[in-house]
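Q: Quick one, my_file_3.cif (mmCIF, C-alpha atoms):
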data_start
#
loop_
_atom_site.label_atom_id
_atom_site.label_comp_id
_atom_site.auth_asym_id
_atom_site.auth_seq_id
_atom_site.Cartn_x
_atom_site.Cartn_y
_atom_site.Cartn_z
CA MET A 1 0.00 0.00 0.00
CA ASP A 2 1.43 3.40 -1.00
CA ARG A 3 0.70 6.84 0.37
CA ASP A 4 -1.86 7.69 -2.37
CA GLN A 5 -3.72 4.44 -1.72
CA THR A 6 -3.83 5.20 2.00
CA GLU A 7 -5.38 8.59 1.26
CA LYS A 8 -7.91 6.98 -1.08
CA ASP A 9 -8.86 4.44 1.57
CA ASP A 10 -9.45 7.23 4.07
CA GLU A 11 -11.64 9.08 1.57
CA ALA A 12 -13.62 5.93 0.81
CA SER A 13 -14.27 5.37 4.52
CA GLY A 14 -15.46 8.93 5.02
CA ARG A 15 -12.60 9.88 7.33
CA PRO A 16 -11.28 13.46 7.03
CA THR A 17 -8.04 13.58 5.06
CA LEU A 18 -5.34 16.13 4.27
CA LYS A 19 -7.31 16.93 1.11
CA THR A 20 -10.38 17.64 3.26
CA LEU A 21 -8.36 20.07 5.36
CA ALA A 22 -6.84 21.68 2.27
CA PHE A 23 -10.31 22.22 0.77
CA MET A 24 -11.73 23.67 4.01
CA THR A 25 -8.82 26.04 4.61
CA GLY A 26 -8.12 27.00 1.02
CA LEU A 27 -4.50 25.89 1.36
CA GLY A 28 -2.37 23.35 -0.45
CA VAL A 29 -2.05 19.79 0.86
CA THR A 30 1.67 20.26 1.48
CA THR A 31 1.07 23.45 3.47
CA VAL A 32 -1.62 21.75 5.55
CA SER A 33 0.64 18.80 6.26
CA ARG A 34 3.46 21.05 7.40
CA ALA A 35 1.12 23.20 9.50
CA LEU A 36 -0.07 20.10 11.37
CA LYS A 37 3.55 19.28 12.16
CA ASP A 38 4.25 22.82 13.46
CA ALA A 39 6.81 23.38 10.73
CA PRO A 40 8.57 26.71 11.44
CA GLU A 41 8.40 27.82 7.79
CA ILE A 42 4.58 28.00 8.10
CA GLY A 43 3.25 31.16 9.73
CA ALA A 44 1.86 30.94 13.26
CA GLU A 45 -1.62 32.10 12.21
CA THR A 46 -1.79 29.53 9.41
CA ARG A 47 -0.69 26.76 11.76
CA ARG A 48 -3.29 27.80 14.31
CA ARG A 49 -6.08 27.89 11.71
CA VAL A 50 -5.22 24.49 10.22
CA GLN A 51 -4.94 22.83 13.62
CA LEU A 52 -8.23 24.36 14.77
CA VAL A 53 -10.07 23.05 11.70
CA ALA A 54 -8.42 19.64 12.13
CA ARG A 55 -9.73 19.42 15.70
CA GLN A 56 -13.20 20.58 14.69
CA ILE A 57 -13.63 17.93 11.99
CA GLY A 58 -11.89 15.16 13.95
CA TYR A 59 -8.94 14.71 11.62
CA ARG A 60 -6.43 12.05 12.69
CA PRO A 61 -3.34 11.01 10.72
CA ASN A 62 -3.68 7.56 9.19
CA ARG A 63 -1.12 5.43 11.04
CA ALA A 64 -0.43 3.27 8.02
CA GLY A 65 0.35 6.39 6.02
CA VAL A 66 2.54 7.82 8.77
CA ARG A 67 4.46 4.57 8.93
CA LEU A 68 4.98 4.53 5.16
CA ARG A 69 6.32 8.07 5.19
CA THR A 70 8.43 8.03 8.37
CA GLY A 71 9.00 4.40 9.34
CA LYS A 72 7.30 5.18 12.68
CA THR A 73 3.99 4.05 14.14
CA ASN A 74 3.63 6.96 16.60
CA VAL A 75 2.50 4.35 19.13
CA ILE A 76 3.69 3.69 22.68
CA SER A 77 2.58 0.30 24.02
CA LEU A 78 1.94 -0.28 27.71
CA VAL A 79 2.19 -4.05 28.33
CA LEU A 80 0.19 -5.23 31.35
CA ASN A 81 -0.59 -8.50 33.05
CA THR A 82 -4.37 -8.24 33.23
CA GLU A 83 -4.70 -10.72 36.08
CA ARG A 84 -2.01 -9.28 38.36
CA GLU A 85 -2.28 -5.50 38.06
CA ILE A 86 -4.89 -3.83 40.26
CA MET A 87 -7.19 -1.32 38.60
CA SER A 88 -5.91 1.73 40.47
CA PHE A 89 -2.41 0.96 39.21
CA VAL A 90 -3.63 0.53 35.63
CA SER A 91 -5.76 3.68 35.57
CA ASP A 92 -3.12 5.86 37.24
CA ILE A 93 -0.27 4.64 35.03
CA ILE A 94 -2.41 5.22 31.91
CA TYR A 95 -3.34 8.70 33.14
CA GLY A 96 0.32 9.59 33.73
CA VAL A 97 1.48 8.30 30.34
CA SER A 98 -1.43 9.96 28.51
CA GLU A 99 -0.76 13.31 30.18
CA VAL A 100 2.80 13.37 28.84
CA ILE A 101 2.08 12.21 25.29
CA ALA A 102 -1.03 14.38 24.86
CA ASP A 103 0.88 17.14 23.07
CA THR A 104 3.01 14.78 20.97
CA PRO A 105 2.18 12.74 17.84
CA TYR A 106 2.19 9.58 19.96
CA HIS A 107 -0.77 7.44 20.97
CA LEU A 108 -0.99 4.93 23.79
CA ILE A 109 -2.17 1.37 23.28
CA VAL A 110 -2.50 -1.18 26.08
CA THR A 111 -1.22 -4.66 25.23
CA PRO A 112 -2.61 -7.18 27.73
CA TYR A 113 -1.41 -10.65 28.55
CA SER A 114 -2.52 -13.27 31.07
CA ARG A 115 -0.72 -15.50 33.55
CA THR A 116 -1.09 -18.45 31.14
CA GLN A 117 1.17 -16.66 28.64
CA ASP A 118 4.91 -16.26 28.57
CA PRO A 119 5.44 -12.57 29.49
CA LEU A 120 7.85 -12.38 26.55
CA ASP A 121 5.10 -13.27 24.03
CA PRO A 122 3.51 -9.79 23.76
CA ILE A 123 6.96 -8.20 23.52
CA ARG A 124 7.94 -10.51 20.66
CA TYR A 125 4.70 -9.64 18.89
CA LEU A 126 5.23 -5.89 19.23
CA VAL A 127 8.84 -6.11 18.03
CA GLU A 128 8.34 -8.59 15.19
CA THR A 129 5.31 -6.74 13.78
CA GLY A 130 6.79 -3.28 14.33
CA SER A 131 3.56 -2.31 16.10
CA ALA A 132 5.07 0.32 18.42
CA ASP A 133 7.93 2.81 18.52
CA GLY A 134 8.34 2.36 22.27
CA VAL A 135 7.26 -0.06 24.99
CA ILE A 136 6.57 0.21 28.74
CA ILE A 137 6.58 -2.89 30.95
CA SER A 138 6.04 -3.57 34.66
CA ARG A 139 6.53 -6.45 37.12
CA THR A 140 10.24 -6.53 36.43
CA GLN A 141 12.64 -9.29 37.43
CA PRO A 142 16.41 -9.22 37.90
CA ASN A 143 18.00 -9.57 34.45
CA ASP A 144 14.48 -9.47 32.99
CA PRO A 145 14.31 -11.48 29.72
CA ARG A 146 11.92 -8.92 28.18
CA ALA A 147 14.39 -6.12 28.80
CA ARG A 148 17.28 -8.17 27.42
CA TYR A 149 15.24 -9.03 24.31
CA MET A 150 14.46 -5.37 23.58
CA LEU A 151 18.02 -4.23 24.35
CA GLU A 152 19.38 -6.77 21.89
CA ARG A 153 17.03 -5.44 19.19
CA GLY A 154 17.46 -1.75 19.93
CA ILE A 155 13.81 -1.15 20.78
CA PRO A 156 13.22 1.95 22.96
CA PHE A 157 11.50 0.94 26.20
CA ALA A 158 11.17 1.78 29.87
CA THR A 159 10.40 -0.38 32.87
CA HIS A 160 8.35 0.27 35.97
CA GLY A 161 10.93 -1.22 38.30
CA ARG A 162 14.59 -2.08 37.92
CA THR A 163 16.23 -5.11 36.30
CA GLY A 164 19.96 -4.60 36.92
CA LEU A 165 20.40 -3.86 33.20
CA ILE A 166 21.14 -0.43 31.72
CA HIS A 167 17.95 1.06 30.30
CA PRO A 168 15.33 3.69 31.21
CA TYR A 169 13.22 2.98 34.28
CA HIS A 170 11.15 4.58 36.98
CA ASP A 171 10.95 2.91 40.36
CA PHE A 172 9.72 3.54 43.87
CA ASP A 173 12.37 3.25 46.59
CA ASN A 174 11.02 0.13 48.27
CA TYR A 175 14.17 -0.23 50.39
CA ALA A 176 13.43 3.16 51.96
CA PHE A 177 9.72 2.32 52.28
CA ALA A 178 10.41 -0.85 54.25
CA ALA A 179 13.16 0.70 56.39
CA ASP A 180 11.07 3.80 57.21
CA SER A 181 8.13 1.55 58.13
CA VAL A 182 10.21 -0.53 60.52
CA ARG A 183 11.68 2.56 62.17
CA HIS A 184 8.21 4.06 62.62
CA LEU A 185 6.80 0.88 64.15
CA ALA A 186 9.78 0.59 66.49
CA GLY A 187 9.29 4.24 67.44
CA ILE A 188 5.77 3.50 68.69
CA GLY A 189 6.93 0.50 70.68
CA ARG A 190 6.42 -2.37 68.26
CA ARG A 191 9.18 -4.98 68.53
CA ARG A 192 7.96 -8.12 66.70
CA LEU A 193 7.42 -7.27 63.05
CA ALA A 194 6.15 -9.21 60.04
CA LEU A 195 6.57 -8.33 56.36
CA LEU A 196 4.01 -9.06 53.65
CA ALA A 197 6.37 -8.84 50.70
CA PRO A 198 6.07 -8.78 46.91
CA PRO A 199 6.48 -12.08 45.01
CA VAL A 200 10.01 -13.40 45.41
CA GLU A 201 10.74 -13.41 41.67
CA LEU A 202 10.23 -9.65 41.25
CA THR A 203 13.11 -7.21 41.68
CA TYR A 204 11.38 -5.09 44.29
CA HIS A 205 11.02 -8.11 46.57
CA GLY A 206 14.77 -7.94 47.20
CA HIS A 207 14.72 -4.18 47.73
CA THR A 208 11.83 -4.44 50.20
CA LEU A 209 13.31 -7.36 52.11
CA ASP A 210 16.72 -5.69 52.39
CA GLY A 211 15.21 -2.50 53.76
CA PHE A 212 13.11 -4.46 56.25
CA THR A 213 15.94 -6.65 57.58
CA ASP A 214 18.51 -3.84 57.68
CA ALA A 215 16.16 -1.64 59.70
CA LEU A 216 15.29 -4.51 62.05
CA SER A 217 18.98 -4.79 62.94
CA GLU A 218 19.25 -1.03 63.30
CA VAL A 219 16.37 -0.72 65.80
CA GLY A 220 16.91 -4.06 67.55
CA ALA A 221 13.49 -5.47 66.64
CA SER A 222 12.81 -9.09 65.67
CA GLU A 223 11.12 -10.61 62.62
CA ILE A 224 8.10 -12.87 62.80
CA PRO A 225 8.31 -14.79 59.49
CA PHE A 226 5.31 -14.31 57.19
CA ASN A 227 6.63 -15.71 53.92
CA THR A 228 3.95 -18.28 53.08
CA VAL A 229 2.00 -15.59 51.19
CA SER A 230 2.89 -12.53 49.11
CA VAL A 231 0.87 -9.55 47.91
CA ASP A 232 0.00 -11.61 44.79
CA HIS A 233 -1.99 -14.14 46.81
CA SER A 234 -5.75 -13.83 47.04
CA ILE A 235 -7.46 -11.71 49.69
CA GLU A 236 -8.86 -14.85 51.30
CA GLN A 237 -5.47 -16.59 51.42
CA ILE A 238 -3.80 -13.59 53.05
CA ARG A 239 -6.68 -13.19 55.51
CA MET A 240 -6.52 -16.86 56.54
CA ARG A 241 -2.73 -16.91 56.98
CA THR A 242 -2.83 -13.66 58.96
CA ALA A 243 -5.47 -15.04 61.32
CA GLN A 244 -3.40 -18.20 61.83
CA LEU A 245 -0.31 -16.12 62.58
CA MET A 246 -2.14 -13.84 65.01
CA ARG A 247 -3.49 -16.82 67.03
CA ARG A 248 0.02 -17.99 67.90
CA ASP A 249 1.58 -17.41 71.32
CA VAL A 250 4.40 -15.40 69.75
CA ARG A 251 2.70 -13.17 67.25
CA PRO A 252 3.57 -9.92 65.46
CA ASP A 253 2.71 -6.61 67.03
CA GLY A 254 3.49 -4.81 63.77
CA PHE A 255 3.11 -5.45 60.03
CA VAL A 256 4.69 -3.89 56.97
CA SER A 257 2.47 -4.43 53.90
CA SER A 258 3.61 -3.85 50.32
CA ALA A 259 0.14 -3.35 48.82
CA ALA A 260 -3.09 -1.67 49.89
CA ALA A 261 -5.39 -4.48 48.72
CA ALA A 262 -3.38 -7.00 50.73
CA THR A 263 -3.62 -4.72 53.78
CA LEU A 264 -7.40 -5.09 53.78
CA ALA A 265 -6.90 -8.84 54.11
CA ILE A 266 -4.31 -8.41 56.89
CA VAL A 267 -6.73 -6.27 58.89
CA ALA A 268 -9.53 -8.80 58.37
CA GLY A 269 -7.23 -11.59 59.61
CA ILE A 270 -6.21 -9.58 62.67
CA GLU A 271 -9.87 -9.03 63.55
CA ASP A 272 -10.73 -12.69 62.84
CA ALA A 273 -8.21 -13.54 65.59
CA GLY A 274 -10.09 -11.28 68.03
CA LEU A 275 -7.41 -8.58 68.11
CA LYS A 276 -7.71 -4.84 67.60
CA LEU A 277 -5.80 -2.69 65.12
CA GLY A 278 -3.99 0.17 66.84
CA ARG A 279 -4.12 -1.53 70.25
CA ASP A 280 -2.71 -5.04 69.80
CA VAL A 281 -0.97 -4.47 66.48
CA ASP A 282 -0.12 -1.69 64.03
CA VAL A 283 0.15 -1.91 60.25
CA VAL A 284 2.15 0.30 57.86
CA SER A 285 1.00 -0.09 54.26
CA LYS A 286 1.80 1.35 50.88
CA GLN A 287 -1.14 2.93 49.08
CA SER A 288 -1.63 4.74 45.77
CA SER A 289 -4.83 6.58 46.74
CA ASP A 290 -6.17 8.02 49.97
CA LEU A 291 -8.53 5.14 50.72
CA LEU A 292 -7.02 3.08 53.53
CA HIS A 293 -7.87 5.63 56.22
CA LEU A 294 -11.50 5.43 55.11
CA PHE A 295 -11.36 1.68 55.81
CA ARG A 296 -9.56 1.86 59.16
CA ARG A 297 -8.22 5.16 60.38
CA GLU A 298 -5.75 3.36 62.68
CA LEU A 299 -3.73 2.27 59.62
CA LEU A 300 -0.38 3.90 58.94
CA VAL A 301 0.34 4.60 55.27
CA VAL A 302 3.10 5.45 52.83
CA ASN A 303 2.00 6.95 49.51
CA GLU A 304 3.25 5.73 46.11
CA ASN A 305 2.32 7.91 43.13
CA PHE A 306 1.52 5.77 40.08
CA ARG A 307 0.51 8.80 38.00
CA LEU A 308 3.99 10.18 38.50
CA ALA A 309 5.39 6.78 37.53
CA GLY A 310 3.39 6.78 34.29
CA ALA A 311 4.55 10.29 33.44
CA GLU A 312 8.20 9.48 34.13
CA LEU A 313 8.02 6.28 32.08
CA ALA A 314 6.50 8.14 29.13
CA ARG A 315 9.21 10.83 29.31
CA SER A 316 11.88 8.12 29.40
CA VAL A 317 10.57 6.29 26.33
CA LEU A 318 10.17 9.52 24.38
CA GLY A 319 13.66 10.56 25.45
CA TRP A 320 15.17 7.34 24.11
CA ILE A 321 13.20 7.68 20.86
CA GLY A 322 14.53 11.23 20.65
CA GLY A 323 18.14 10.07 20.91
CA ALA A 324 19.00 10.38 24.62
CA ALA A 325 21.30 7.79 26.17
CA PRO A 326 19.18 5.02 27.78
CA GLY A 327 21.22 5.07 30.99
CA SER A 328 20.44 8.77 31.49
CA LEU A 329 16.67 8.17 31.58
CA GLN A 330 16.28 6.65 35.04
CA SER A 331 14.36 7.97 38.04
CA LEU A 332 13.62 6.83 41.60
CA SER A 333 10.80 8.16 43.78
CA LYS A 334 11.49 8.45 47.49
CA PRO A 335 8.75 7.86 50.08
CA THR A 336 7.74 11.01 51.94
CA GLY A 337 7.29 9.33 55.31
CA VAL A 338 4.75 7.29 57.27
CA LEU A 339 1.42 9.05 57.62
CA ALA A 340 -1.12 8.58 60.40
CA TYR A 341 -4.78 9.57 60.30
CA ARG A 342 -5.19 13.28 60.99
CA GLY A 343 -8.96 13.66 60.83
CA SER A 344 -11.15 14.82 63.67
CA ASP A 345 -13.40 12.57 65.74
#
As structure tokens, how would this structure be written, given the file I've shared?
A:
Amino acid sequence: MDRDQTEKDDEASGRPTLKTLAFMTGLGVTTVSRALKDAPEIGAETRRRVQLVARQIGYRPNRAGVRLRTGKTNVISLVLNTEREIMSFVSDIIYGVSEVIADTPYHLIVTPYSRTQDPLDPIRYLVETGSADGVIISRTQPNDPRARYMLERGIPFATHGRTGLIHPYHDFDNYAFAADSVRHLAGIGRRRLALLAPPVELTYHGHTLDGFTDALSEVGASEIPFNTVSVDHSIEQIRMRTAQLMRRDVRPDGFVSSAAAATLAIVAGIEDAGLKLGRDVDVVSKQSSDLLHLFRRELLVVNENFRLAGAELARSVLGWIGGAAPGSLQSLSKPTGVLAYRGSD
């Protein structure tokens, strides 16, 4: 398919084309095309008029035509495990990415995969079909095979989380989160602490565990092992294991939880065992929205901003596409401290 055929196909389907814009503005097709691209040789008033008309009639560049002319798709793909990612994460990451690319030629597509698939499958598809100019992935592992695959093929990408390889990423400082949580719990008199960690295969499991154990040594507290479940287990599994743990003679008087949804299950398990949050045990949890205090105001929280993560990931991918060195496009968000409920009775 050539460029003229692409234009004919658009006309046949009734979609506005460059010719439509040229007719409506009284300008040549070449001038219209350059005005849409903000070409400096086109006057500011002409560019404004063409872009206004384009918005009014709903003109969108045909991606097949763009690809023929430039070799680019103008697509960024966000690859997500649909069974593991919680909806607040998905919506906030999408919002952050979309906010950054809104004023660029790029569009966001979400490429889902399920736990029955090899996580590399959607990456292979995107690369082999040339479906995207850049890719964003999450749930990273040390030496992640998806990252290695894209590095070997020179595909611009960014990861939500680190892999130990040199490429763009944005991550939350889970070492600091866990360490700050332990210090806070110790500061309010809690001495026997349990960690509900991420899945062991993910990179941030190691960061979280290191921060937890280092801070335990620092404050002289002890660990009550809680490694039969992770934040990926079901709410019911976490609730049941928590209740079992809290019925023991030597039980935790403090928890550090790596996910808000899992924290709901921890609290339910504590209450199933006949104990009271804030009196018998305290819990510090990560959260991405201000909801946990609505559930139980005794909870202690650390905020993680997924919208910021989405925005940083989008900037990183665009930076690599634009020619920046991949190793220079890395960012790490620091937790801003443990927050207690500050409402009035």
Q: For Leu52 in chain A, work out the shell of residues within 12 Å, counting all atoms listed in the file and skipping chain neighbours fewer than 3 positions away, then give it as a list in words.
A: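 The residues that qualify are Leu21, Met24, Thr25, Val32, Ala35, Leu36, Glu45, Thr46, Arg47, Arg48, Arg49, Arg55, Gln56, Ile57, Gly58 and Tyr59 of chain A.
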Q: Can you list what the PyMOL selection byres ((chain A and resi 205-221) around 10) grabs from this structure, as a ChimeraX atom specification?
A: /A:141-142,172-187,189-204,222-224,230,256,258
Q: Just checking: using only C-alpha atoms, which residue out of A:Asn227, A:Ser88, A:Thr111, A:Arg307 ends up closest to Ala260 in chain A?
A: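 Answer, going by the shortest atom-to-atom distance: A:Ser88.
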Q: I'd like the neighbourhood of range 264-267 of chain A as a ChimeraX atom specification, where a residue qualifies if any of its atoms comes within 7 Å (using only C-alpha atoms), though same-chain residues fewer than 3 positions away should be ignored.
A: /A:235-236,238-239,242,260-261,270-271
Q: Please expand the PyMOL selection byres ((chain A and resi 94) around 9) into the concrete residues it hits in this file, giving the result as a PyMOL selection string.
A: chain A and resi 78+89-93+95-99+108+110+307+310-311
Q: Residues as selected, C-alpha atoms, written as a tab-separated table (two decimals), in the coordinates of the input, can you do that?
A:
chain	number	residue	atom	x	y	z
A	78	LEU	CA	1.94	-0.28	27.71
A	89	PHE	CA	-2.41	0.96	39.21
A	90	VAL	CA	-3.63	0.53	35.63
A	91	SER	CA	-5.76	3.68	35.57
A	92	ASP	CA	-3.12	5.86	37.24
A	93	ILE	CA	-0.27	4.64	35.03
A	95	TYR	CA	-3.34	8.70	33.14
A	96	GLY	CA	0.32	9.59	33.73
A	97	VAL	CA	1.48	8.30	30.34
A	98	SER	CA	-1.43	9.96	28.51
A	99	GLU	CA	-0.76	13.31	30.18
A	108	LEU	CA	-0.99	4.93	23.79
A	110	VAL	CA	-2.50	-1.18	26.08
A	307	ARG	CA	0.51	8.80	38.00
A	310	GLY	CA	3.39	6.78	34.29
A	311	ALA	CA	4.55	10.29	33.44
Q: Given all atoms listed in the file as the basis, pick out the residue of A:Val135, A:Ile321, A:Leu80, A:Val100 nearest to Pro112 in chain A.
A: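 With all atoms listed in the file as the atom set, the closest residue is A:Leu80.
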Q: CA of Ala340 in chain A and CA of Val250 in chain A, how far apart in Å?
A: 26.3 Å
Q: So, with only C-alpha atoms as the atoms that count, which of A:Glu312, A:Glu298, A:Asp249, A:Asp232 lies closest to Leu339 in chain A?
A: A:Glu298
Q: State, in Å with one decimal place, the distance from CA of Ala54 in chain A to CA of Phe23 in chain A.
A: 11.8 Å
Q: Evaluating the PyMOL selection byres ((chain A and resi 280) around 10) on the displayed file yields which residues, as a PyMOL selection string?
A: chain A and resi 190+252-254+270+274-279+281-282
Q: What is the CA of Arg241 in chain A to CA of Ala273 in chain A distance in Å?
A: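 Distance reported for this atom pair: 10.7 Å.
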Q: My list of candidates is A:Arg15, A:Gly154, A:Ile42, A:His107. Which is closest to Gly28 in chain A when distances are computed with all atoms listed in the file?
A: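 Looking at the shortest contact to Gly28 in chain A, the residue is A:Ile42.
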Q: Which residue is closest to Thr116 in chain A? Choose from A:Ser131, A:Ser331, A:Asn81, A:Ser138 and count only C-alpha atoms.
A: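 When distances to Thr116 in chain A are compared using only C-alpha atoms, the smallest one comes from A:Asn81.
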Q: Of the candidates A:Pro105, A:Gly164, A:Gly269, A:Pro156, which shows the shortest atom-to-atom distance to Leu329 in chain A, using all atoms listed in the file?
A: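 Of the candidates, the smallest distance to Leu329 in chain A is held by A:Pro156.
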